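Asker: Below is my_file_13.cif; it holds mmCIF, C-alpha atoms.
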data_structure
loop_
_atom_site.label_atom_id
_atom_site.label_comp_id
_atom_site.auth_asym_id
_atom_site.auth_seq_id
_atom_site.Cartn_x
_atom_site.Cartn_y
_atom_site.Cartn_z
CA MET A 1 -29.17 5.72 15.96
CA LYS A 2 -31.49 8.68 16.40
CA LYS A 3 -29.16 10.14 19.04
CA VAL A 4 -26.20 9.85 16.66
CA PHE A 5 -28.25 11.59 13.99
CA ILE A 6 -29.24 14.42 16.34
CA LEU A 7 -25.70 14.89 17.69
CA SER A 8 -24.26 14.90 14.18
CA GLY A 9 -26.82 17.48 13.17
CA LEU A 10 -25.95 19.60 16.20
CA LEU A 11 -22.24 19.47 15.39
CA VAL A 12 -22.81 20.45 11.76
CA TYR A 13 -25.10 23.26 12.88
CA LEU A 14 -22.53 24.62 15.32
CA LEU A 15 -19.75 24.49 12.76
CA LEU A 16 -21.86 26.16 10.11
CA SER A 17 -23.15 28.79 12.52
CA GLY A 18 -19.61 29.75 13.45
CA TYR A 19 -19.95 28.93 17.13
CA LEU A 20 -17.28 26.28 16.87
CA VAL A 21 -13.92 27.02 15.32
CA ILE A 22 -11.34 24.32 14.96
CA ALA A 23 -8.55 25.86 17.03
CA ALA A 24 -4.99 25.11 16.02
CA THR A 25 -2.52 24.28 18.77
CA LYS A 26 0.42 25.81 16.90
CA PRO A 27 1.00 28.40 14.18
CA PRO A 28 0.90 27.35 10.52
CA GLY A 29 4.27 25.80 9.76
CA VAL A 30 6.63 26.30 6.83
CA GLY A 31 5.85 23.79 4.09
CA GLY A 32 2.22 23.52 5.15
CA VAL A 33 -0.93 25.21 3.90
CA LEU A 34 -3.09 27.91 5.39
CA PRO A 35 -6.21 27.06 7.37
CA GLU A 36 -9.47 27.99 5.62
CA ILE A 37 -9.31 31.74 6.35
CA ILE A 38 -12.32 33.40 4.76
CA LEU A 39 -12.28 37.19 4.43
CA SER A 40 -14.76 39.72 3.11
CA VAL A 41 -13.81 41.47 -0.12
CA PRO A 42 -12.68 44.95 0.96
CA GLU A 43 -15.09 47.82 0.30
CA LYS A 44 -12.45 50.26 -0.92
CA PRO A 45 -11.92 49.99 -4.71
CA GLU A 46 -8.19 50.60 -4.32
CA HIS A 47 -7.93 47.59 -1.99
CA GLN A 48 -9.94 45.43 -4.39
CA LYS A 49 -7.63 46.48 -7.20
CA TYR A 50 -4.54 45.82 -5.06
CA LEU A 51 -5.69 42.28 -4.29
CA GLY A 52 -7.08 41.58 -7.76
CA LEU A 53 -10.58 41.04 -6.40
CA ALA A 54 -13.87 42.50 -7.47
CA GLY A 55 -17.38 43.03 -6.18
CA GLU A 56 -18.75 41.88 -2.86
CA GLY A 57 -18.67 38.57 -1.07
CA ARG A 58 -15.90 36.55 0.45
CA PHE A 59 -12.59 35.14 -0.62
CA THR A 60 -9.76 32.95 0.58
CA ILE A 61 -6.15 34.15 0.62
CA PRO A 62 -4.96 31.95 -2.29
CA LYS A 63 -7.46 33.83 -4.49
CA ILE A 64 -5.39 37.01 -4.17
CA LYS A 65 -3.71 37.87 -7.45
CA ALA A 66 -0.08 37.56 -6.46
CA LYS A 67 2.79 35.15 -6.33
CA VAL A 68 3.43 35.83 -2.65
CA VAL A 69 1.05 37.05 0.04
CA LEU A 70 2.33 38.24 3.39
CA ILE A 71 -0.15 38.21 6.24
CA GLU A 72 0.48 40.30 9.32
CA ILE A 73 -1.48 39.16 12.36
CA PHE A 74 -1.71 42.33 14.44
CA SER A 75 -3.92 44.15 16.93
CA MET A 76 -4.55 47.85 17.43
CA TYR A 77 -4.14 47.11 21.14
CA CYS A 78 -0.63 45.65 20.69
CA PRO A 79 2.23 48.05 21.54
CA HIS A 80 4.72 46.23 19.32
CA CYS A 81 2.32 46.37 16.36
CA GLN A 82 1.90 50.10 16.96
CA GLY A 83 5.66 50.58 17.21
CA ASN A 84 6.30 48.53 14.06
CA ALA A 85 3.55 50.12 11.93
CA SER A 86 5.79 52.72 10.26
CA ILE A 87 8.39 50.07 9.34
CA VAL A 88 5.69 47.79 7.91
CA ASN A 89 4.45 50.78 5.89
CA GLU A 90 7.98 51.36 4.62
CA PHE A 91 8.23 47.71 3.60
CA TYR A 92 4.89 48.01 1.75
CA ARG A 93 5.93 51.20 -0.07
CA LYS A 94 9.28 49.75 -1.13
CA ILE A 95 7.45 46.85 -2.76
CA GLU A 96 4.86 49.12 -4.37
CA ASN A 97 7.63 51.33 -5.77
CA ASP A 98 9.48 48.38 -7.26
CA ARG A 99 8.16 47.63 -10.75
CA ASN A 100 9.30 44.00 -10.54
CA LEU A 101 7.85 43.23 -7.14
CA LYS A 102 4.67 45.29 -7.17
CA GLU A 103 2.46 42.71 -8.89
CA LYS A 104 4.14 39.73 -7.24
CA ILE A 105 4.04 40.50 -3.51
CA LYS A 106 0.93 41.61 -1.66
CA LEU A 107 0.55 42.48 2.01
CA ILE A 108 -2.56 42.19 4.17
CA GLY A 109 -3.19 42.65 7.89
CA ILE A 110 -5.62 40.73 10.08
CA GLY A 111 -6.58 42.52 13.30
CA THR A 112 -7.00 39.85 15.92
CA GLY A 113 -9.84 40.66 18.32
CA ASN A 114 -10.33 43.96 16.46
CA SER A 115 -13.66 45.17 15.12
CA SER A 116 -14.00 46.99 11.78
CA TYR A 117 -14.09 50.24 13.73
CA GLU A 118 -10.87 49.38 15.55
CA ILE A 119 -8.89 48.40 12.46
CA ASP A 120 -10.06 51.63 10.87
CA VAL A 121 -8.68 53.57 13.85
CA PHE A 122 -5.36 51.73 13.42
CA ARG A 123 -5.36 52.39 9.66
CA LYS A 124 -5.95 56.12 10.10
CA LYS A 125 -3.50 56.47 13.00
CA TYR A 126 -0.60 54.99 11.03
CA ASN A 127 -1.68 55.91 7.45
CA ILE A 128 -1.79 52.28 6.41
CA GLU A 129 -2.44 51.82 2.71
CA PHE A 130 -2.60 48.02 2.43
CA PRO A 131 -5.85 46.20 3.28
CA LEU A 132 -6.64 45.37 6.89
CA PHE A 133 -9.31 42.85 7.88
CA PRO A 134 -11.12 42.54 11.22
CA ASP A 135 -11.12 39.34 13.27
CA GLY A 136 -13.42 40.55 16.02
CA ASP A 137 -14.33 37.12 17.35
CA TYR A 138 -10.76 35.78 17.24
CA SER A 139 -11.88 32.98 14.90
CA ILE A 140 -8.92 33.49 12.53
CA HIS A 141 -6.62 33.95 15.51
CA LYS A 142 -7.65 30.51 16.76
CA MET A 143 -7.03 28.98 13.34
CA VAL A 144 -3.46 30.27 13.33
CA GLY A 145 -2.62 28.88 16.75
CA GLU A 146 -3.41 31.98 18.86
CA VAL A 147 -0.07 33.54 18.02
CA ARG A 148 1.26 36.59 19.84
CA THR A 149 1.36 39.78 17.80
CA PRO A 150 2.78 40.93 15.48
CA TYR A 151 3.17 37.67 13.59
CA PHE A 152 3.98 37.30 9.88
CA ILE A 153 2.98 34.43 7.63
CA GLY A 154 4.31 34.26 4.07
CA VAL A 155 2.41 32.22 1.49
CA LYS A 156 3.50 31.30 -1.99
CA ILE A 157 0.51 31.18 -4.34
CA GLY A 158 0.35 28.68 -7.19
CA LYS A 159 -2.29 27.94 -9.79
CA GLY A 160 -5.83 26.88 -8.92
CA GLY A 161 -5.63 27.76 -5.25
CA ALA A 162 -2.49 25.73 -4.62
CA HIS A 163 -0.29 27.40 -2.04
CA SER A 164 2.38 26.73 0.53
CA ILE A 165 3.70 28.58 3.54
CA PHE A 166 7.34 29.61 3.27
CA PHE A 167 7.55 31.95 6.26
CA SER A 168 5.94 31.87 9.71
CA LYS A 169 7.48 34.03 12.40
CA LEU A 170 6.69 35.98 15.55
CA GLY A 171 7.87 39.57 15.72
CA GLY A 172 7.87 42.74 13.66
CA ILE A 173 9.98 43.81 10.69
CA GLU A 174 13.34 45.20 11.77
CA ASN A 175 14.71 46.34 8.43
CA PRO A 176 12.46 46.63 5.35
CA ASP A 177 15.28 46.02 2.83
CA LYS A 178 16.56 42.96 4.65
CA PHE A 179 13.00 41.69 5.04
CA ILE A 180 12.38 42.02 1.28
CA SER A 181 15.60 40.11 0.61
CA LEU A 182 14.55 37.41 3.07
CA ILE A 183 11.11 37.07 1.51
CA LEU A 184 12.60 36.85 -1.99
CA GLN A 185 15.11 34.26 -0.85
CA LEU A 186 12.68 32.07 1.06
CA SER A 187 9.88 32.25 -1.50
CA GLY A 188 12.22 31.65 -4.43
CA LEU A 189 10.79 34.62 -6.34
CA MET B 1 -43.35 18.57 24.27
CA ASN B 2 -43.01 17.82 20.61
CA ARG B 3 -39.74 15.97 19.99
CA TYR B 4 -38.78 18.25 17.10
CA LEU B 5 -39.44 21.33 19.20
CA LYS B 6 -37.04 19.94 21.83
CA ILE B 7 -34.35 19.41 19.18
CA LEU B 8 -34.89 22.94 17.90
CA MET B 9 -34.51 24.35 21.42
CA VAL B 10 -31.24 22.43 21.89
CA LEU B 11 -29.93 23.83 18.60
CA VAL B 12 -30.77 27.39 19.56
CA ILE B 13 -29.81 27.35 23.24
CA THR B 14 -26.62 25.24 23.18
CA PRO B 15 -24.46 27.85 21.38
CA LEU B 16 -25.28 30.37 24.07
CA PHE B 17 -23.29 28.25 26.52
CA LEU B 18 -20.38 27.73 24.19
CA SER B 19 -18.97 31.23 24.10
CA THR B 20 -15.23 30.85 24.16
CA TYR B 21 -12.57 32.75 26.06
CA ALA B 22 -10.28 34.31 23.51
CA PHE B 23 -7.63 36.96 23.58
CA GLY B 24 -4.75 38.23 21.54
CA LEU B 25 -1.49 39.00 23.20
CA SER B 26 1.22 41.40 22.22
CA GLU B 27 4.81 40.26 21.98
CA ALA B 28 5.51 43.32 24.16
CA PHE B 29 4.69 41.25 27.25
CA LYS B 30 6.70 38.16 26.19
CA ASP B 31 5.94 35.18 28.47
CA ASN B 32 5.13 37.32 31.50
CA ILE B 33 1.35 37.12 31.30
CA TYR B 34 -0.59 34.98 33.75
CA ASN B 35 -3.73 33.49 32.28
CA PRO B 36 -6.46 33.09 34.90
CA GLY B 37 -8.70 31.26 32.40
CA LYS B 38 -12.35 31.97 31.88
CA LEU B 39 -13.94 33.74 34.87
CA LYS B 40 -17.48 34.44 36.01
CA PRO B 41 -18.51 37.23 33.60
CA ILE B 42 -19.69 39.72 36.25
CA ASP B 43 -19.26 39.26 40.00
CA SER B 44 -20.45 42.47 41.61
CA ILE B 45 -23.46 44.75 41.77
CA LEU B 46 -23.17 48.26 40.42
CA LYS B 47 -23.70 50.91 43.12
CA VAL B 48 -23.81 53.99 40.91
CA LYS B 49 -26.52 55.23 38.60
CA VAL B 50 -26.35 57.21 35.39
CA GLY B 51 -27.64 60.72 36.02
CA GLU B 52 -26.40 60.83 39.62
CA LYS B 53 -23.51 62.88 40.94
CA ALA B 54 -20.27 60.89 41.06
CA THR B 55 -18.61 60.69 44.47
CA ASP B 56 -15.13 62.16 44.60
CA PHE B 57 -12.10 59.98 45.22
CA THR B 58 -8.35 60.42 45.41
CA LEU B 59 -5.83 57.75 44.45
CA PRO B 60 -2.05 57.61 43.94
CA SER B 61 -0.84 57.38 40.35
CA VAL B 62 2.10 55.52 38.86
CA SER B 63 3.79 58.86 38.09
CA GLY B 64 3.79 59.72 41.80
CA GLU B 65 1.10 62.39 42.06
CA LYS B 66 -2.27 61.95 43.67
CA ILE B 67 -5.26 62.30 41.34
CA SER B 68 -8.76 63.30 42.46
CA LEU B 69 -11.91 63.09 40.40
CA ASN B 70 -12.90 66.59 41.51
CA GLN B 71 -9.76 68.19 40.09
CA PHE B 72 -11.35 67.82 36.62
CA LYS B 73 -14.68 69.34 37.66
CA GLY B 74 -15.64 72.23 35.40
CA LYS B 75 -12.65 71.48 33.15
CA LYS B 76 -12.77 68.00 31.59
CA ASN B 77 -15.09 65.09 31.03
CA VAL B 78 -13.62 62.01 32.67
CA VAL B 79 -13.54 58.46 31.32
CA ILE B 80 -12.63 55.90 33.97
CA SER B 81 -11.42 52.51 32.79
CA PHE B 82 -11.27 49.85 35.49
CA VAL B 83 -9.38 46.74 34.41
CA PRO B 84 -9.20 43.66 36.65
CA ALA B 85 -5.51 42.98 37.08
CA ALA B 86 -2.02 43.73 35.81
CA TRP B 87 -0.13 41.04 33.89
CA THR B 88 -3.26 39.26 32.70
CA PRO B 89 -4.15 38.72 29.03
CA LEU B 90 -7.04 41.02 28.17
CA CYS B 91 -6.07 43.80 30.57
CA SER B 92 -2.61 43.96 29.00
CA ASP B 93 -4.20 44.45 25.58
CA GLN B 94 -6.71 47.14 26.49
CA TRP B 95 -5.01 50.37 27.58
CA PRO B 96 -2.36 50.25 24.79
CA GLY B 97 -5.28 50.66 22.36
CA TYR B 98 -6.52 53.72 24.24
CA ASN B 99 -2.98 55.03 24.13
CA ILE B 100 -3.17 55.64 20.35
CA VAL B 101 -6.50 57.49 20.40
CA LYS B 102 -5.72 60.52 22.56
CA GLU B 103 -7.16 62.66 19.74
CA ILE B 104 -10.59 61.12 20.25
CA PHE B 105 -10.54 62.03 23.94
CA ASP B 106 -9.24 65.51 23.12
CA GLN B 107 -12.05 66.06 20.60
CA HIS B 108 -14.54 65.47 23.41
CA ASN B 109 -12.58 67.45 25.99
CA ALA B 110 -12.11 64.26 27.97
CA ILE B 111 -9.37 62.79 30.10
CA LEU B 112 -8.92 59.05 30.57
CA ILE B 113 -8.08 57.55 33.95
CA GLY B 114 -7.01 53.92 34.24
CA ILE B 115 -7.55 52.16 37.55
CA THR B 116 -6.70 48.70 38.87
CA VAL B 117 -6.48 47.31 42.42
CA ASP B 118 -2.77 46.47 41.94
CA ASN B 119 -0.07 48.27 43.89
CA ILE B 120 2.11 50.99 42.39
CA PRO B 121 5.29 48.91 41.80
CA THR B 122 3.29 46.28 39.93
CA LEU B 123 1.53 48.93 37.84
CA TYR B 124 4.84 50.65 37.14
CA ALA B 125 6.45 47.48 35.76
CA TRP B 126 3.34 46.48 33.82
CA THR B 127 2.52 49.82 32.19
CA ASN B 128 6.20 50.27 31.22
CA GLN B 129 5.64 47.45 28.71
CA MET B 130 2.86 49.46 27.06
CA GLY B 131 5.06 52.36 25.99
CA LYS B 132 4.57 55.85 27.36
CA LEU B 133 0.93 56.23 28.34
CA TRP B 134 -0.63 59.69 27.94
CA PHE B 135 -3.20 59.12 30.68
CA PRO B 136 -2.76 58.60 34.42
CA VAL B 137 -2.89 55.09 35.86
CA LEU B 138 -4.14 54.94 39.45
CA SER B 139 -3.69 52.32 42.12
CA ASP B 140 -6.75 51.33 44.13
CA PHE B 141 -4.63 48.95 46.17
CA TRP B 142 -5.06 50.36 49.67
CA PRO B 143 -7.52 50.45 51.34
CA HIS B 144 -7.94 47.56 48.97
CA GLY B 145 -10.40 48.31 46.15
CA LYS B 146 -12.04 51.18 48.04
CA VAL B 147 -12.92 53.12 44.87
CA ALA B 148 -13.93 50.00 42.95
CA LYS B 149 -16.22 49.11 45.86
CA MET B 150 -17.65 52.64 45.84
CA PHE B 151 -18.63 52.17 42.18
CA GLY B 152 -19.83 48.62 42.85
CA VAL B 153 -17.25 46.96 40.62
CA LEU B 154 -15.14 45.10 43.20
CA ARG B 155 -15.46 41.38 42.60
CA THR B 156 -15.62 38.84 45.41
CA ASP B 157 -12.03 37.70 44.69
CA GLY B 158 -10.64 41.21 45.25
CA VAL B 159 -10.04 42.33 41.67
CA SER B 160 -12.21 44.83 39.89
CA GLU B 161 -14.57 44.30 37.00
CA ARG B 162 -13.69 45.41 33.50
CA ALA B 163 -15.78 48.58 33.57
CA LEU B 164 -16.09 51.97 31.94
CA PHE B 165 -17.61 55.12 33.40
CA ILE B 166 -18.00 58.54 31.83
CA ILE B 167 -18.45 61.51 34.14
CA ASP B 168 -19.21 64.89 32.64
CA LYS B 169 -17.60 68.22 33.53
CA GLU B 170 -20.33 68.87 36.09
CA GLY B 171 -19.45 65.65 37.90
CA ILE B 172 -22.55 63.75 36.76
CA LEU B 173 -22.23 60.09 35.77
CA ARG B 174 -23.34 59.88 32.12
CA TYR B 175 -22.29 56.37 31.11
CA ALA B 176 -21.68 53.14 33.01
CA HIS B 177 -20.81 49.81 31.47
CA VAL B 178 -19.57 46.68 33.17
CA SER B 179 -18.25 44.24 30.56
CA ASP B 180 -17.99 40.51 30.74
CA ILE B 181 -14.56 40.27 32.43
CA ASN B 182 -13.50 37.81 29.71
CA LYS B 183 -14.10 40.25 26.87
CA ARG B 184 -12.51 43.56 25.97
CA PRO B 185 -15.10 46.27 25.34
CA ASN B 186 -15.08 47.63 21.81
CA LEU B 187 -13.43 51.03 21.52
CA GLN B 188 -16.55 52.21 19.74
CA ASP B 189 -18.49 51.93 23.04
CA ILE B 190 -16.34 54.67 24.59
CA VAL B 191 -16.49 56.82 21.49
CA GLU B 192 -20.29 56.57 21.34
CA GLY B 193 -20.49 57.40 25.05
CA LEU B 194 -18.37 60.51 24.47
CA GLU B 195 -20.37 61.50 21.39
CA LYS B 196 -23.59 61.31 23.40
CA LEU B 197 -22.00 63.58 25.96
CA SER B 198 -21.10 66.14 23.30
CA SER B 199 -24.61 66.07 21.84
CA GLN B 200 -26.31 66.73 25.21
#
Any chance you could put this one into structure tokens?
Answerer:
Amino acid sequence: MKKVFILSGLLVYLLLSGYLVIAATKPPGVGGVLPEIILSVPEKPEHQKYLGLAGEGRFTIPKIKAKVVLIEIFSMYCPHCQGNASIVNEFYRKIENDRNLKEKIKLIGIGTGNSSYEIDVFRKKYNIEFPLFPDGDYSIHKMVGEVRTPYFIGVKIGKGGAHSIFFSKLGGIENPDKFISLILQLSGL
Amino acid sequence: MNRYLKILMVLVITPLFLSTYAFGLSEAFKDNIYNPGKLKPIDSILKVKVGEKATDFTLPSVSGEKISLNQFKGKKNVVISFVPAAWTPLCSDQWPGYNIVKEIFDQHNAILIGITVDNIPTLYAWTNQMGKLWFPVLSDFWPHGKVAKMFGVLRTDGVSERALFIIDKEGILRYAHVSDINKRPNLQDIVEGLEKLSSQ
């Protein structure tokens, strides 16, 4: 009994300390929900405003003030992510310049295996305006099934943290206009 | 020993042995990457010392020319990046990152040299997937790993360590870092090494 108690305690400790991450064997599927991805509230006020967040601390993706959140899993070390950065920027700007879509669709990037310094290098290199988050220890990458990059996940946000994945696909954006149409169609916006 | 002290030691020490092998992989390489799994972190003994003069070497590059360390003497600081092997997960996602920060090297009047123990045709096919690299990639294939051995970064299985060296314009080794082969060094390590060089 004591052994069970100690082992249980050890397991809880490891999970809480972040040494153990429940790794997914496949990417989040359409119709499912996101794993418990916890991100730090961005420091830049413009990013906080964009996501509808305030102050310091942490948040989960369904807390973002939007009807649809698109998550790009990328890496500054990934040639395809580098090559696709300008098209992703174009996609972002088209949404931001559309009065109807601006408040409904938000875009974030998660830099798998990238430190804060590295995502900042990527942001500056490609003039990225949407928020990027580091995943230096690959913990988020493991939660999303260790996908290759770039990988896009689209999440429809409901009330009270309810959400569902409507898009989950490997590869970059080929055409921003067609991608917007696809997102609108699949999310039902 | 007190039973509670033993439990506490288990709680503190166990995580140290649970470090996981993780890597991201670009779609650029499709399904062509061989995963060797988690390897012994470091499997060689460094033979060079910071502050000492770096020994010259000459190696063939993927572009066809031969590159010598001494050709940069008096002109450029040199950053050498040894990566273990072509077509493996972490190595494939290391140099493409350096490829977008040429400005940082330029700011510190530095050139980057990538070296592996693979042969030229292998390096040619592999680096083609990374886009056009601005820095030379050298093959330390034959005599096998001669330069890696000279630095003390040739592992017992014939591949090199994942290692970084910074040699100043005078040919003096100013920075040496052998990473755990299973982990990509943070870009910040190179930048800090170059900044130190500029401040000296």
Asker: Given the choices B:Trp95, B:Phe135, B:Tyr124, B:Trp87, which gets closest to Pro36 of chain B if the distance is worked out from only C-alpha atoms?
Answerer: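 Between B:Trp95, B:Phe135, B:Tyr124, B:Trp87, the residue approaching Pro36 of chain B most closely is B:Trp87.
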Asker: Do you know which residues lie at most 8 Å from (-13.8, 35.1, 32.7), with coordinates as in the file and all atoms listed in the file counted, and could you write them as an NGL selection string?
Answerer: :B and (21 or 36-41 or 180-183)
Asker: Excluding Glu27 of chain B and any residue of its chain fewer than 4 positions from it, enumerate the residues within 10 Å of it, using only C-alpha atoms, and give them as number ranges by chain.
Answerer: A: 78-81, 147-151, 170-172; B: 31-32, 129
Asker: Please report as a short mmCIF file (atom, residue, chain, number, x, y, z; two decimals) with C-alpha atoms, in the coordinates of the input which residues of chain B come no farther than 6 Å from chain A, using all atoms listed in the file.
Answerer:
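Generated output (part-v7.cif):
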data_model
loop_
_atom_site.label_atom_id
_atom_site.label_comp_id
_atom_site.auth_asym_id
_atom_site.auth_seq_id
_atom_site.Cartn_x
_atom_site.Cartn_y
_atom_site.Cartn_z
CA LEU B 25 -1.49 39.00 23.20
CA SER B 26 1.22 41.40 22.22
CA GLU B 27 4.81 40.26 21.98
CA ALA B 28 5.51 43.32 24.16
CA ASP B 93 -4.20 44.45 25.58
CA GLN B 94 -6.71 47.14 26.49
CA PRO B 96 -2.36 50.25 24.79
CA GLY B 97 -5.28 50.66 22.36
CA MET B 130 2.86 49.46 27.06
#
Asker: Check which residues satisfy the PyMOL selection byres ((chain A and resi 91) around 8) in the file shown, then give them as a PyMOL selection string.
Answerer: chain A and resi 87-90+92-95+176-177+179-180
Asker: Could you check how far atom CA of Thr116 of chain B sits from atom CA of Phe141 of chain B, in Å to one decimal?
Answerer: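 One can read the atom CA of Thr116 of chain B to atom CA of Phe141 of chain B distance as 7.6 Å.
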Asker: Kindly resolve the PyMOL selection byres ((chain B and resi 44) around 9) on the present coordinates and return the residues as a list of chain:residue names.
Answerer: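 Applying the PyMOL selection byres ((chain B and resi 44) around 9) to the structure shown produces B:Ile42, B:Asp43, B:Ile45, B:Leu46, B:Lys149, B:Gly152, B:Val153, B:Leu154, B:Arg155, B:Thr156, B:Ser160, B:Glu161.
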Asker: Any idea what's packed within 7 Å of Ile111 of chain B, counting all atoms listed in the file, ignoring anything in its chain fewer than 3 positions away? Could you give it as a PyMOL selection string?
Answerer: chain B and resi 76-79+105
Asker: Around (1.2, 42.4, 2.0), as given in the file, which residues come within 8 Å? Count all atoms listed in the file and list them as a PyMOL selection string.
Answerer: chain A and resi 69-72+92+105-109+130
Asker: Just how far from atom CA of Asp120 of chain A is atom CA of Ile33 of chain B, in Å to one decimal?
Answerer: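 Taking atom CA of Ile33 of chain B as the start and atom CA of Asp120 of chain A as the end point, the length is 27.5 Å.
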Asker: Smallest atom-to-atom distance to Glu43 of chain A: which of A:Thr60, A:Lys67, A:Pro131, A:Arg99, using all atoms listed in the file?
Answerer: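 Among the listed residues, A:Pro131 lies closest to Glu43 of chain A.
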Asker: Can you work out which one of B:Arg162, B:Lys196, B:His108, B:Lys66 has the shortest atom-to-atom distance to Tyr175 of chain B, counting all atoms listed in the file?
Answerer: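 When distances to Tyr175 of chain B are compared using all atoms listed in the file, the smallest one comes from B:Lys196.
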Asker: Please rebuild segment 148-154 of chain B with all heavy atoms and give the result as a PDB file, in the coordinates of the input.
Answerer:
ATOM      1  N   ALA B 148     -13.173  51.001  43.725  1.00  0.00           N
ATOM      2  CA  ALA B 148     -13.930  50.000  42.950  1.00  0.00           C
ATOM      3  C   ALA B 148     -15.206  49.614  43.710  1.00  0.00           C
ATOM      4  O   ALA B 148     -16.283  49.493  43.121  1.00  0.00           O
ATOM      5  CB  ALA B 148     -13.058  48.768  42.709  1.00  0.00           C
ATOM      6  N   LYS B 149     -15.064  49.481  45.019  1.00  0.00           N
ATOM      7  CA  LYS B 149     -16.220  49.110  45.860  1.00  0.00           C
ATOM      8  C   LYS B 149     -17.265  50.230  45.834  1.00  0.00           C
ATOM      9  O   LYS B 149     -18.471  49.978  45.778  1.00  0.00           O
ATOM     10  CB  LYS B 149     -15.732  48.878  47.293  1.00  0.00           C
ATOM     11  CG  LYS B 149     -16.679  48.049  48.121  1.00  0.00           C
ATOM     12  CD  LYS B 149     -16.016  47.708  49.447  1.00  0.00           C
ATOM     13  CE  LYS B 149     -16.944  46.869  50.292  1.00  0.00           C
ATOM     14  NZ  LYS B 149     -16.345  46.535  51.587  1.00  0.00           N
ATOM     15  N   MET B 150     -16.759  51.474  45.847  1.00  0.00           N
ATOM     16  CA  MET B 150     -17.650  52.640  45.840  1.00  0.00           C
ATOM     17  C   MET B 150     -18.513  52.641  44.563  1.00  0.00           C
ATOM     18  O   MET B 150     -19.697  52.962  44.601  1.00  0.00           O
ATOM     19  CB  MET B 150     -16.781  53.886  45.891  1.00  0.00           C
ATOM     20  CG  MET B 150     -17.478  55.180  46.121  1.00  0.00           C
ATOM     21  SD  MET B 150     -16.197  56.435  46.305  1.00  0.00           S
ATOM     22  CE  MET B 150     -16.010  56.972  44.608  1.00  0.00           C
ATOM     23  N   PHE B 151     -17.896  52.249  43.452  1.00  0.00           N
ATOM     24  CA  PHE B 151     -18.630  52.170  42.180  1.00  0.00           C
ATOM     25  C   PHE B 151     -19.466  50.885  42.078  1.00  0.00           C
ATOM     26  O   PHE B 151     -20.333  50.772  41.217  1.00  0.00           O
ATOM     27  CB  PHE B 151     -17.665  52.228  40.992  1.00  0.00           C
ATOM     28  CG  PHE B 151     -17.247  53.619  40.611  1.00  0.00           C
ATOM     29  CD1 PHE B 151     -16.211  54.262  41.277  1.00  0.00           C
ATOM     30  CD2 PHE B 151     -17.891  54.297  39.582  1.00  0.00           C
ATOM     31  CE1 PHE B 151     -15.813  55.549  40.919  1.00  0.00           C
ATOM     32  CE2 PHE B 151     -17.504  55.584  39.217  1.00  0.00           C
ATOM     33  CZ  PHE B 151     -16.471  56.216  39.894  1.00  0.00           C
ATOM     34  N   GLY B 152     -19.134  49.913  42.940  1.00  0.00           N
ATOM     35  CA  GLY B 152     -19.830  48.620  42.850  1.00  0.00           C
ATOM     36  C   GLY B 152     -19.233  47.722  41.789  1.00  0.00           C
ATOM     37  O   GLY B 152     -19.948  46.959  41.140  1.00  0.00           O
ATOM     38  N   VAL B 153     -17.898  47.813  41.613  1.00  0.00           N
ATOM     39  CA  VAL B 153     -17.250  46.960  40.620  1.00  0.00           C
ATOM     40  C   VAL B 153     -16.101  46.143  41.229  1.00  0.00           C
ATOM     41  O   VAL B 153     -15.202  45.702  40.517  1.00  0.00           O
ATOM     42  CB  VAL B 153     -16.746  47.776  39.391  1.00  0.00           C
ATOM     43  CG1 VAL B 153     -17.917  48.327  38.595  1.00  0.00           C
ATOM     44  CG2 VAL B 153     -15.793  48.887  39.798  1.00  0.00           C
ATOM     45  N   LEU B 154     -16.158  45.955  42.569  1.00  0.00           N
ATOM     46  CA  LEU B 154     -15.140  45.100  43.200  1.00  0.00           C
ATOM     47  C   LEU B 154     -15.695  43.682  43.262  1.00  0.00           C
ATOM     48  O   LEU B 154     -16.736  43.423  43.871  1.00  0.00           O
ATOM     49  CB  LEU B 154     -14.805  45.603  44.609  1.00  0.00           C
ATOM     50  CG  LEU B 154     -13.628  44.893  45.285  1.00  0.00           C
ATOM     51  CD1 LEU B 154     -12.310  45.171  44.553  1.00  0.00           C
ATOM     52  CD2 LEU B 154     -13.504  45.297  46.752  1.00  0.00           C
TER      53      LEU B 154
END
